[in-house]
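> So here's structure28.cif (mmCIF, C-alpha atoms).
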```cif
data_coords
#
loop_
_atom_site.label_atom_id
_atom_site.label_comp_id
_atom_site.auth_asym_id
_atom_site.auth_seq_id
_atom_site.Cartn_x
_atom_site.Cartn_y
_atom_site.Cartn_z
CA ALA A 1 4.42 -8.01 13.89
CA THR A 2 4.90 -4.81 11.91
CA LYS A 3 4.54 -2.60 14.95
CA ALA A 4 6.65 -4.91 17.15
CA PHE A 5 9.86 -3.87 15.36
CA SER A 6 11.56 -0.50 15.47
CA LEU A 7 15.09 0.72 14.90
CA THR A 8 16.30 3.85 16.66
CA LEU A 9 19.26 5.61 15.06
CA THR A 10 21.37 8.23 16.78
CA GLU A 11 24.18 9.01 14.33
CA PRO A 12 23.56 11.44 11.44
CA ALA A 13 25.62 9.20 9.14
CA GLN A 14 23.09 6.41 9.66
CA VAL A 15 20.26 8.51 8.18
CA ASP A 16 22.32 10.15 5.43
CA GLY A 17 20.23 10.40 2.27
CA LEU A 18 16.84 10.22 3.96
CA PRO A 19 14.53 13.00 2.65
CA PRO A 20 13.40 15.78 5.01
CA SER A 21 9.84 14.42 5.19
CA ALA A 22 11.07 10.99 6.26
CA LEU A 23 13.48 12.50 8.78
CA ALA A 24 10.64 14.53 10.29
CA LEU A 25 8.45 11.44 10.58
CA ALA A 26 11.26 9.39 12.13
CA ALA A 27 12.03 12.11 14.70
CA SER A 28 8.34 12.52 15.48
CA ARG A 29 8.02 8.80 16.19
CA ALA A 30 11.13 8.86 18.36
CA ALA A 31 9.60 11.69 20.37
CA GLU A 32 6.37 9.70 20.76
CA GLU A 33 8.42 6.89 22.27
CA GLY A 34 9.95 9.15 24.89
CA GLU A 35 13.01 10.57 23.14
CA GLU A 36 12.73 14.13 24.42
CA GLY A 37 13.97 16.83 22.11
CA ALA A 38 14.10 14.60 19.03
CA THR A 39 14.32 16.69 15.87
CA ALA A 40 14.60 15.97 12.17
CA GLU A 41 17.99 17.69 12.10
CA SER A 42 19.71 16.09 15.11
CA GLY A 43 17.69 12.98 15.93
CA PRO A 44 17.29 10.48 17.32
CA TRP A 45 15.28 8.88 14.55
CA ARG A 46 12.95 5.89 14.88
CA LEU A 47 12.35 3.73 11.81
CA GLY A 48 9.70 1.05 11.46
CA LEU A 49 8.28 -1.47 9.01
CA ASP A 50 5.13 0.44 8.01
CA MET A 51 5.32 1.79 4.46
CA PRO A 52 5.71 5.55 5.16
CA SER A 53 8.79 4.70 7.21
CA TYR A 54 10.15 1.58 5.50
CA LEU A 55 9.96 2.56 1.82
CA PRO A 56 11.86 5.88 2.08
CA ALA A 57 14.50 4.12 4.15
CA MET A 58 15.02 1.41 1.53
CA LYS A 59 15.06 3.92 -1.32
CA PHE A 60 17.23 6.66 0.16
CA LEU A 61 19.39 5.50 3.10
CA ARG A 62 23.02 5.36 2.06
CA ASP A 63 24.00 3.17 5.02
CA ARG A 64 23.79 -0.33 3.58
CA SER A 65 23.86 -2.01 6.99
CA VAL A 66 20.75 -0.12 8.12
CA ARG A 67 18.94 -1.10 4.93
CA GLU A 68 19.90 -4.72 5.49
CA ALA A 69 18.62 -4.69 9.08
CA LEU A 70 15.30 -3.21 7.98
CA TYR A 71 14.93 -5.61 5.06
CA ARG A 72 15.64 -8.72 7.14
CA ALA A 73 13.17 -7.57 9.79
CA PHE A 74 10.53 -6.88 7.13
CA VAL A 75 10.70 -10.25 5.35
CA THR A 76 10.73 -12.28 8.59
CA ARG A 77 7.77 -10.61 10.31
CA ALA A 78 5.92 -13.13 12.50
CA GLY A 79 7.67 -16.00 10.70
CA GLU A 80 8.01 -18.25 13.74
CA VAL A 81 4.45 -17.50 14.82
CA ASN A 82 2.82 -18.00 11.43
CA ALA A 83 4.69 -21.09 10.18
CA PRO A 84 2.72 -23.65 12.25
CA LEU A 85 -0.55 -21.83 11.46
CA ILE A 86 0.19 -21.98 7.73
CA ARG A 87 0.90 -25.71 7.94
CA GLN A 88 -2.38 -26.24 9.80
CA ILE A 89 -4.35 -24.19 7.24
CA LEU A 90 -2.84 -26.18 4.35
CA GLN A 91 -3.70 -29.46 6.08
CA ILE A 92 -7.30 -28.41 6.70
CA LYS A 93 -7.73 -27.21 3.13
CA GLN A 94 -6.46 -30.54 1.82
CA GLU A 95 -8.92 -32.35 4.08
CA GLN A 96 -11.73 -30.14 2.77
CA ALA A 97 -10.76 -30.90 -0.82
CA SER A 98 -10.76 -34.63 -0.14
CA ILE A 99 -14.18 -34.50 1.51
CA LEU A 100 -15.57 -32.68 -1.54
CA GLY A 101 -14.03 -35.17 -3.95
CA PHE A 102 -11.17 -33.04 -5.29
CA GLY A 103 -7.51 -33.90 -5.47
CA SER A 104 -6.32 -30.57 -4.04
CA TYR A 105 -7.65 -27.30 -2.69
CA ALA A 106 -6.45 -25.64 -5.91
CA GLU A 107 -9.06 -27.73 -7.75
CA VAL A 108 -11.72 -26.54 -5.29
CA SER A 109 -10.73 -22.93 -5.84
CA ILE A 110 -10.69 -23.16 -9.62
CA GLU A 111 -14.17 -24.69 -9.79
CA ARG A 112 -15.93 -21.30 -9.69
CA LYS A 113 -13.36 -19.35 -11.69
CA MET A 114 -12.79 -18.59 -15.35
CA ALA A 115 -9.65 -20.70 -15.77
CA PRO A 116 -10.59 -24.17 -17.07
CA SER A 117 -8.16 -26.09 -14.88
CA VAL A 118 -5.27 -25.89 -12.42
CA GLU A 119 -2.98 -26.98 -15.26
CA ALA A 120 -4.10 -23.98 -17.32
CA VAL A 121 -3.05 -21.68 -14.47
CA TYR A 122 0.37 -23.35 -14.32
CA ASP A 123 0.71 -23.06 -18.11
CA LEU A 124 -0.06 -19.34 -17.99
CA THR A 125 2.43 -18.82 -15.16
CA GLU A 126 5.16 -20.69 -17.04
CA MET A 127 4.47 -18.69 -20.20
CA LEU A 128 4.74 -15.40 -18.29
CA LEU A 129 7.95 -16.59 -16.61
CA ALA A 130 9.52 -17.45 -19.95
CA LYS A 131 8.70 -13.97 -21.28
CA ALA A 132 9.47 -11.90 -18.17
CA PHE A 133 12.52 -13.57 -16.64
CA PRO A 134 15.02 -12.71 -19.40
CA ALA A 135 13.86 -9.08 -19.28
CA ALA A 136 14.26 -9.05 -15.49
CA GLN A 137 17.78 -10.48 -15.79
CA LYS A 138 18.68 -7.81 -18.33
CA GLU A 139 17.31 -5.03 -16.10
CA LEU A 140 19.20 -6.37 -13.08
CA GLN A 141 22.41 -6.44 -15.12
CA GLN A 142 21.86 -2.83 -16.21
CA LEU A 143 21.15 -1.81 -12.62
CA THR A 144 24.29 -3.57 -11.40
CA GLU A 145 26.41 -1.84 -14.02
CA PHE A 146 24.95 1.54 -13.07
CA ALA A 147 25.54 0.90 -9.35
CA THR A 148 29.13 -0.22 -9.94
CA ALA A 149 29.84 2.88 -12.01
CA ASN A 150 28.49 5.06 -9.20
CA GLY A 151 30.29 3.72 -6.17
CA PHE A 152 28.86 0.29 -5.37
CA ASP A 153 31.77 -2.03 -4.58
CA GLY A 154 30.02 -5.27 -3.63
CA ALA A 155 30.22 -8.54 -5.53
CA ALA A 156 26.52 -8.39 -6.43
CA LEU A 157 23.48 -6.33 -5.53
CA ALA A 158 21.67 -7.75 -2.50
CA LEU A 159 17.92 -7.55 -2.07
CA TRP A 160 18.30 -4.56 0.25
CA ASP A 161 20.31 -2.74 -2.45
CA VAL A 162 17.84 -2.99 -5.33
CA SER A 163 15.36 -0.32 -4.21
CA PHE A 164 18.17 2.11 -3.34
CA TRP A 165 19.98 1.80 -6.66
CA SER A 166 16.73 1.66 -8.66
CA GLU A 167 15.83 5.04 -7.20
CA ARG A 168 19.27 6.42 -8.11
CA LEU A 169 18.90 5.11 -11.66
CA SER A 170 15.45 6.67 -11.94
CA GLU A 171 16.82 10.04 -10.79
CA HIS A 172 19.67 9.77 -13.30
CA THR A 173 17.39 8.77 -16.17
CA PHE A 174 14.54 11.22 -15.63
CA GLY A 175 16.37 14.10 -14.00
CA PHE A 176 14.20 14.56 -10.90
CA GLU A 177 13.55 12.99 -7.50
CA GLN A 178 10.15 11.64 -6.50
CA GLU A 179 10.42 13.66 -3.31
CA GLU A 180 10.13 16.82 -5.41
CA LEU A 181 6.54 15.88 -6.26
CA ARG A 182 5.31 15.81 -2.66
CA PRO A 183 4.47 19.53 -2.37
CA TYR A 184 1.94 19.07 -5.17
CA PHE A 185 0.23 16.15 -3.44
CA ALA A 186 -1.25 17.47 -0.21
CA LEU A 187 -4.11 15.11 0.62
CA ASP A 188 -6.82 17.75 0.20
CA ASN A 189 -5.48 18.68 -3.24
CA VAL A 190 -5.39 15.02 -4.26
CA LEU A 191 -8.97 14.50 -3.09
CA ASP A 192 -10.10 17.57 -5.05
CA GLY A 193 -8.54 16.12 -8.20
CA LEU A 194 -9.88 12.63 -7.53
CA PHE A 195 -13.43 13.81 -6.87
CA GLY A 196 -13.32 16.07 -9.92
CA LEU A 197 -12.32 13.10 -12.06
CA CYS A 198 -15.20 11.05 -10.62
CA ARG A 199 -17.58 13.88 -11.48
CA ARG A 200 -16.38 14.03 -15.10
CA LEU A 201 -16.38 10.27 -15.62
CA TYR A 202 -19.46 9.18 -13.69
CA GLY A 203 -21.58 12.27 -13.09
CA VAL A 204 -21.35 12.05 -9.31
CA GLU A 205 -20.63 14.68 -6.68
CA ILE A 206 -18.61 13.53 -3.67
CA VAL A 207 -19.08 15.69 -0.58
CA ARG A 208 -17.43 15.50 2.82
CA SER A 209 -20.02 14.71 5.47
CA ASP A 210 -18.01 14.45 8.69
CA GLY A 211 -20.18 14.11 11.78
CA GLU A 212 -22.99 12.27 10.01
CA ALA A 213 -21.56 8.84 10.86
CA GLU A 214 -19.51 7.53 13.76
CA VAL A 215 -15.82 6.95 12.95
CA TRP A 216 -13.16 4.85 14.66
CA HIS A 217 -10.36 7.43 14.57
CA ALA A 218 -10.03 11.19 14.22
CA ASP A 219 -8.15 10.71 10.92
CA VAL A 220 -11.15 9.03 9.28
CA GLY A 221 -13.41 11.04 6.98
CA PHE A 222 -16.98 10.27 5.93
CA PHE A 223 -18.19 11.14 2.44
CA LYS A 224 -21.44 10.95 0.50
CA VAL A 225 -21.76 10.20 -3.20
CA LEU A 226 -24.56 12.17 -4.90
CA ASP A 227 -25.96 12.12 -8.40
CA GLU A 228 -24.65 15.36 -9.92
CA ALA A 229 -27.82 16.08 -11.88
CA SER A 230 -30.52 15.21 -9.35
CA GLY A 231 -28.68 15.44 -6.04
CA GLU A 232 -29.90 11.96 -5.10
CA HIS A 233 -27.83 10.25 -2.41
CA LEU A 234 -26.38 7.15 -4.08
CA ALA A 235 -23.80 5.81 -1.64
CA SER A 236 -21.33 6.71 1.10
CA PHE A 237 -17.79 5.80 2.12
CA PHE A 238 -15.29 6.11 4.94
CA LEU A 239 -11.71 7.15 4.07
CA ASP A 240 -8.93 6.17 6.48
CA PRO A 241 -5.87 7.63 4.71
CA TYR A 242 -2.89 7.48 7.08
CA ALA A 243 -0.58 4.83 8.51
CA ARG A 244 -0.93 4.10 12.23
CA PRO A 245 1.57 1.30 12.87
CA GLU A 246 0.61 1.07 16.53
CA ASN A 247 -2.92 -0.20 15.81
CA LYS A 248 -3.52 -0.53 12.06
CA ARG A 249 -2.28 -3.21 9.70
CA GLY A 250 -0.28 -2.28 6.65
CA GLY A 251 -1.35 -2.25 3.03
CA ALA A 252 -4.37 -0.70 1.35
CA TRP A 253 -7.80 -2.12 0.71
CA MET A 254 -11.42 -1.42 -0.07
CA GLY A 255 -13.96 -3.13 2.18
CA VAL A 256 -17.73 -3.50 2.15
CA CYS A 257 -19.54 -1.84 5.04
CA VAL A 258 -23.04 -2.12 3.57
CA GLY A 259 -23.96 -3.73 0.26
CA ARG A 260 -26.67 -2.47 -2.08
CA SER A 261 -29.99 -4.27 -1.77
CA LYS A 262 -33.28 -3.27 -3.35
CA VAL A 263 -35.18 -5.71 -1.15
CA LEU A 264 -33.76 -4.25 2.06
CA ASP A 265 -33.70 -0.67 0.70
CA ARG A 266 -29.97 -0.33 1.41
CA LYS A 267 -27.53 2.07 -0.19
CA PRO A 268 -23.89 0.95 -0.56
CA VAL A 269 -21.29 2.05 1.99
CA ALA A 270 -17.59 1.35 1.50
CA TYR A 271 -14.38 1.48 3.52
CA LEU A 272 -11.37 2.96 1.67
CA THR A 273 -8.26 2.27 3.71
CA CYS A 274 -4.72 3.40 2.90
CA ASN A 275 -1.46 3.68 4.82
CA GLY A 276 -0.22 7.00 3.52
CA SER A 277 2.21 9.49 5.04
CA PRO A 278 0.56 11.12 8.06
CA PRO A 279 0.75 14.82 8.94
CA VAL A 280 3.87 15.67 10.96
CA ASP A 281 4.38 18.61 13.35
CA GLY A 282 1.12 20.26 12.34
CA LYS A 283 1.96 20.21 8.63
CA PRO A 284 -0.47 18.62 6.14
CA SER A 285 0.07 15.17 4.70
CA LEU A 286 2.24 15.39 1.58
CA MET A 287 1.79 12.19 -0.39
CA THR A 288 4.24 10.32 -2.57
CA PHE A 289 3.22 9.56 -6.14
CA ASP A 290 2.86 5.88 -5.19
CA GLU A 291 0.49 6.83 -2.37
CA VAL A 292 -1.59 8.90 -4.78
CA THR A 293 -1.74 5.94 -7.17
CA THR A 294 -2.83 3.66 -4.34
CA LEU A 295 -5.63 6.03 -3.30
CA PHE A 296 -6.93 6.18 -6.88
CA HIS A 297 -6.72 2.40 -7.13
CA GLU A 298 -8.74 1.75 -3.97
CA THR A 299 -11.27 4.40 -4.98
CA GLY A 300 -11.77 2.46 -8.21
CA HIS A 301 -12.74 -0.62 -6.23
CA GLY A 302 -14.98 1.55 -4.08
CA LEU A 303 -16.77 3.01 -7.10
CA GLN A 304 -17.46 -0.48 -8.43
CA HIS A 305 -19.15 -1.24 -5.12
CA MET A 306 -20.94 2.10 -4.71
CA LEU A 307 -22.17 2.79 -8.25
CA THR A 308 -23.45 -0.70 -9.02
CA LYS A 309 -26.76 -0.88 -10.90
CA VAL A 310 -27.42 -4.45 -9.78
CA ALA A 311 -30.33 -4.52 -7.34
CA HIS A 312 -29.58 -7.75 -5.50
CA ALA A 313 -26.79 -7.94 -2.92
CA PRO A 314 -25.27 -11.35 -3.85
CA ALA A 315 -24.41 -10.04 -7.34
CA ALA A 316 -24.05 -6.31 -6.73
CA GLY A 317 -20.80 -4.35 -6.88
CA ILE A 318 -17.63 -6.32 -6.20
CA SER A 319 -19.71 -9.43 -5.47
CA GLY A 320 -20.80 -9.70 -9.09
#
```
Please rewrite the model in this file as structure tokens.


Amino acid sequence: ATKAFSLTLTEPAQVDGLPPSALALAASRAAEEGEEGATAESGPWRLGLDMPSYLPAMKFLRDRSVREALYRAFVTRAGEVNAPLIRQILQIKQEQASILGFGSYAEVSIERKMAPSVEAVYDLTEMLLAKAFPAAQKELQQLTEFATANGFDGAALALWDVSFWSERLSEHTFGFEQEELRPYFALDNVLDGLFGLCRRLYGVEIVRSDGEAEVWHADVGFFKVLDEASGEHLASFFLDPYARPENKRGGAWMGVCVGRSKVLDRKPVAYLTCNGSPPVDGKPSLMTFDEVTTLFHETGHGLQHMLTKVAHAPAAGISG
């Protein structure tokens, strides 16, 4: 559903405000779809719903109508297709709960979790709502006042306005644009910093080992995790860093390829998957700060899986 939607823009006014990196990506994608001679400067530009395309558009495009079109497409992805499937899943889960003697599937789910009851989960949610909602209302009011003082003439901020004006408020408050950070976040530089941090915290050396394992795409890297002191091979992981909206789902996740098992003499192997900004026109990937944060986050999950000391697979790593 994400890759099924695209929006091709031909007028410079429609992409006013979009950063150079996003313009280059949009022109590159237009060229891939047959728009000969597409350039970042003159277009045409092709926008999509994958994060490297969608987020800059929502944060920087001055054309409110384009933001609205993108937002509505994003929040209704596969709605008609998924609605009957969701109803069927809910029905089956209720049937399962009844067979097992529970009143709802929520009761089934909570049985193996730390919360004592479904009611306790609702109580926690209501407590958080009571604390957070007034603060959210106050922040929205402040954002609306800032937008109105800086040219917004609508009756109220719509959902497709919030990201745009939040970014303007951030620039006003902190005196810089997030786009200015990109030159410092080439993927190789980020990996050097990330691996150095892992070495200092956990005493492991992470080395690129491309060619030692089969990969599913040329973008994917293979890495080994070694004990810094002894050189012992502890674990391995695949890193798939870039968005590919034509054949890769959005989001970011860590997955288990192989779990640790003393009985089977297996070392852990993880998948680290992100949807970061891809290289464009032969230039290296320059990541946003959010993309850097996401990579560190998924690596944290991966380290829990790969550095586990538990010998038995059912309780090792993220299974424990």

> For the atom pair CA of Asn247 in chain A and CA of Glu41 in chain A, what is the interatomic distance in Å to one decimal place?

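Going from CA of Asn247 in chain A over to CA of Glu41 in chain A covers 27.8 Å.
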
> To verify the selection step, state as a PyMOL selection string which residues the PyMOL selection byres ((chain A and resi 292-294) around 9) yields on this input.

chain A and resi 185+187+190+252+274+276+287-291+295-299

> Please identify all polymer residues within 7 Å of Ala243 in chain A, counting all atoms listed in the file, omitting same-chain residues fewer than 2 positions from it, and present them as an mmCIF file with C-alpha atoms, in the frame of the given file.


```cif
data_model
loop_
_atom_site.group_PDB
_atom_site.id
_atom_site.type_symbol
_atom_site.label_atom_id
_atom_site.label_comp_id
_atom_site.auth_asym_id
_atom_site.auth_seq_id
_atom_site.Cartn_x
_atom_site.Cartn_y
_atom_site.Cartn_z
ATOM 1 C CA PRO A 245 1.570 1.300 12.870
ATOM 2 C CA ASN A 275 -1.460 3.680 4.820
ATOM 3 C CA GLY A 276 -0.220 7.000 3.520
ATOM 4 C CA SER A 277 2.210 9.490 5.040
ATOM 5 C CA PRO A 278 0.560 11.120 8.060
#
```

> So what does the PyMOL selection byres ((chain A and resi 281) around 10) actually pick up in this one, as a PDB file with C-alpha atoms, in the coordinates of the input?


```pdb
ATOM      1  CA  ALA A  24      10.640  14.530  10.290  1.00  0.00           C
ATOM      2  CA  LEU A  25       8.450  11.440  10.580  1.00  0.00           C
ATOM      3  CA  SER A  28       8.340  12.520  15.480  1.00  0.00           C
ATOM      4  CA  PRO A 278       0.560  11.120   8.060  1.00  0.00           C
ATOM      5  CA  PRO A 279       0.750  14.820   8.940  1.00  0.00           C
ATOM      6  CA  VAL A 280       3.870  15.670  10.960  1.00  0.00           C
ATOM      7  CA  GLY A 282       1.120  20.260  12.340  1.00  0.00           C
ATOM      8  CA  LYS A 283       1.960  20.210   8.630  1.00  0.00           C
ATOM      9  CA  PRO A 284      -0.470  18.620   6.140  1.00  0.00           C
TER      10      PRO A 284
END
```

> What are the closest atom pairs, with distances in Å to one decimal, for each residue of range 218-298 of chain A lying within 6 Å of range 303-312 of chain A, using only C-alpha atoms, rows by chain and rising residue number, as CSV?


```
residue,atom,partner,partner_atom,distance
A:Ala235,CA,A:Met306,CA,5.6
A:Ser261,CA,A:His312,CA,5.1
A:Lys262,CA,A:Ala311,CA,5.1
A:Pro268,CA,A:Met306,CA,5.2
```

> Which polymer residues have any atom within 12 Å of an atom of Glu107 in chain A, counting all atoms listed in the file, with same-chain residues fewer than 2 positions away left out, as a list in words?

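The contact residues come out as Lys93, Gln94, Gln96, Ala97, Ser98, Leu100, Gly101, Phe102, Gly103, Ser104, Tyr105, Ser109, Ile110, Glu111, Arg112, Lys113, Ala115, Pro116, Ser117, Val118, Glu119, Ala120 and Val121 of chain A.
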
> Find the residues around Phe237 in chain A up to 9 Å (all atoms listed in the file counted), leave out those fewer than 2 positions away in its own chain, and share them as a count of residues only.

15

> Using all atoms listed in the file, can you tell me which of A:Leu61, A:Ala186, A:Met254, A:Leu286 comes closest to Trp165 in chain A?

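Comparing A:Leu61, A:Ala186, A:Met254, A:Leu286 against Trp165 in chain A, the winner is A:Leu61.
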
> Determine the nearest neighbour of Glu35 in chain A from the options A:Leu55, A:Leu49, A:Leu140, A:Leu9, counting only C-alpha atoms.

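Among the listed residues, the smallest separation from Glu35 in chain A belongs to A:Leu9.
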
> Would you mind telling me which residue in A:Phe133, A:Phe176, A:Tyr202, A:Trp160 lies nearest to Ala229 in chain A when using only C-alpha atoms?

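Closest to Ala229 in chain A of all the choices is A:Tyr202.
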
> For each of A:Phe5, A:Lys248, A:Ala316, A:Pro241, take the minimum atom-to-atom distance to Arg266 in chain A, counting all atoms listed in the file, then give the residue where this is smallest.

A:Ala316

> How would range 287-296 of chain A read, as a short mmCIF file (atom, residue, chain, number, x, y, z; two decimals), in the frame of the given file, once all heavy atoms are built in?


```
data_model
loop_
_atom_site.label_atom_id
_atom_site.label_comp_id
_atom_site.auth_asym_id
_atom_site.auth_seq_id
_atom_site.Cartn_x
_atom_site.Cartn_y
_atom_site.Cartn_z
N MET A 287 1.77 13.58 0.06
CA MET A 287 1.79 12.19 -0.39
C MET A 287 2.88 11.96 -1.43
O MET A 287 3.25 12.86 -2.19
CB MET A 287 0.43 11.81 -0.97
CG MET A 287 -0.73 12.05 -0.02
SD MET A 287 -2.35 11.82 -0.80
CE MET A 287 -2.38 10.03 -0.98
N THR A 288 3.38 10.73 -1.47
CA THR A 288 4.24 10.32 -2.57
C THR A 288 3.36 9.99 -3.78
O THR A 288 2.15 9.78 -3.64
CB THR A 288 5.07 9.09 -2.21
OG1 THR A 288 4.19 7.96 -2.03
CG2 THR A 288 5.86 9.32 -0.92
N PHE A 289 3.99 9.91 -4.95
CA PHE A 289 3.22 9.56 -6.14
C PHE A 289 2.62 8.16 -6.01
O PHE A 289 1.49 7.90 -6.44
CB PHE A 289 4.10 9.64 -7.39
CG PHE A 289 3.37 9.35 -8.66
CD1 PHE A 289 2.49 10.29 -9.19
CD2 PHE A 289 3.55 8.16 -9.33
CE1 PHE A 289 1.79 10.03 -10.37
CE2 PHE A 289 2.87 7.89 -10.51
CZ PHE A 289 1.99 8.83 -11.02
N ASP A 290 3.38 7.24 -5.39
CA ASP A 290 2.86 5.88 -5.19
C ASP A 290 1.64 5.89 -4.28
O ASP A 290 0.69 5.12 -4.48
CB ASP A 290 3.95 4.99 -4.59
CG ASP A 290 5.02 4.61 -5.60
OD1 ASP A 290 4.76 4.74 -6.81
OD2 ASP A 290 6.11 4.18 -5.18
N GLU A 291 1.64 6.74 -3.26
CA GLU A 291 0.49 6.83 -2.37
C GLU A 291 -0.73 7.40 -3.09
O GLU A 291 -1.87 6.98 -2.85
CB GLU A 291 0.84 7.69 -1.14
CG GLU A 291 1.82 7.00 -0.20
CD GLU A 291 2.37 7.92 0.88
OE1 GLU A 291 2.15 9.15 0.79
OE2 GLU A 291 3.04 7.42 1.80
N VAL A 292 -0.49 8.36 -3.97
CA VAL A 292 -1.59 8.90 -4.78
C VAL A 292 -2.17 7.80 -5.67
O VAL A 292 -3.40 7.63 -5.77
CB VAL A 292 -1.10 10.08 -5.65
CG1 VAL A 292 -2.20 10.55 -6.61
CG2 VAL A 292 -0.67 11.24 -4.75
N THR A 293 -1.29 7.04 -6.32
CA THR A 293 -1.74 5.94 -7.17
C THR A 293 -2.57 4.94 -6.39
O THR A 293 -3.61 4.45 -6.86
CB THR A 293 -0.53 5.24 -7.81
OG1 THR A 293 0.23 6.19 -8.56
CG2 THR A 293 -0.96 4.12 -8.73
N THR A 294 -2.12 4.62 -5.18
CA THR A 294 -2.83 3.66 -4.34
C THR A 294 -4.22 4.17 -3.97
O THR A 294 -5.21 3.43 -4.01
CB THR A 294 -2.03 3.37 -3.05
OG1 THR A 294 -0.77 2.78 -3.41
CG2 THR A 294 -2.78 2.43 -2.13
N LEU A 295 -4.32 5.45 -3.64
CA LEU A 295 -5.63 6.03 -3.30
C LEU A 295 -6.58 5.96 -4.49
O LEU A 295 -7.76 5.59 -4.34
CB LEU A 295 -5.45 7.48 -2.84
CG LEU A 295 -6.74 8.25 -2.54
CD1 LEU A 295 -7.57 7.56 -1.46
CD2 LEU A 295 -6.42 9.69 -2.13
N PHE A 296 -6.10 6.28 -5.68
CA PHE A 296 -6.93 6.18 -6.88
C PHE A 296 -7.35 4.73 -7.12
O PHE A 296 -8.51 4.45 -7.48
CB PHE A 296 -6.18 6.72 -8.10
CG PHE A 296 -6.34 8.20 -8.30
CD1 PHE A 296 -5.86 9.12 -7.38
CD2 PHE A 296 -6.97 8.69 -9.43
CE1 PHE A 296 -6.00 10.48 -7.56
CE2 PHE A 296 -7.12 10.06 -9.63
CZ PHE A 296 -6.65 10.96 -8.69
#
```
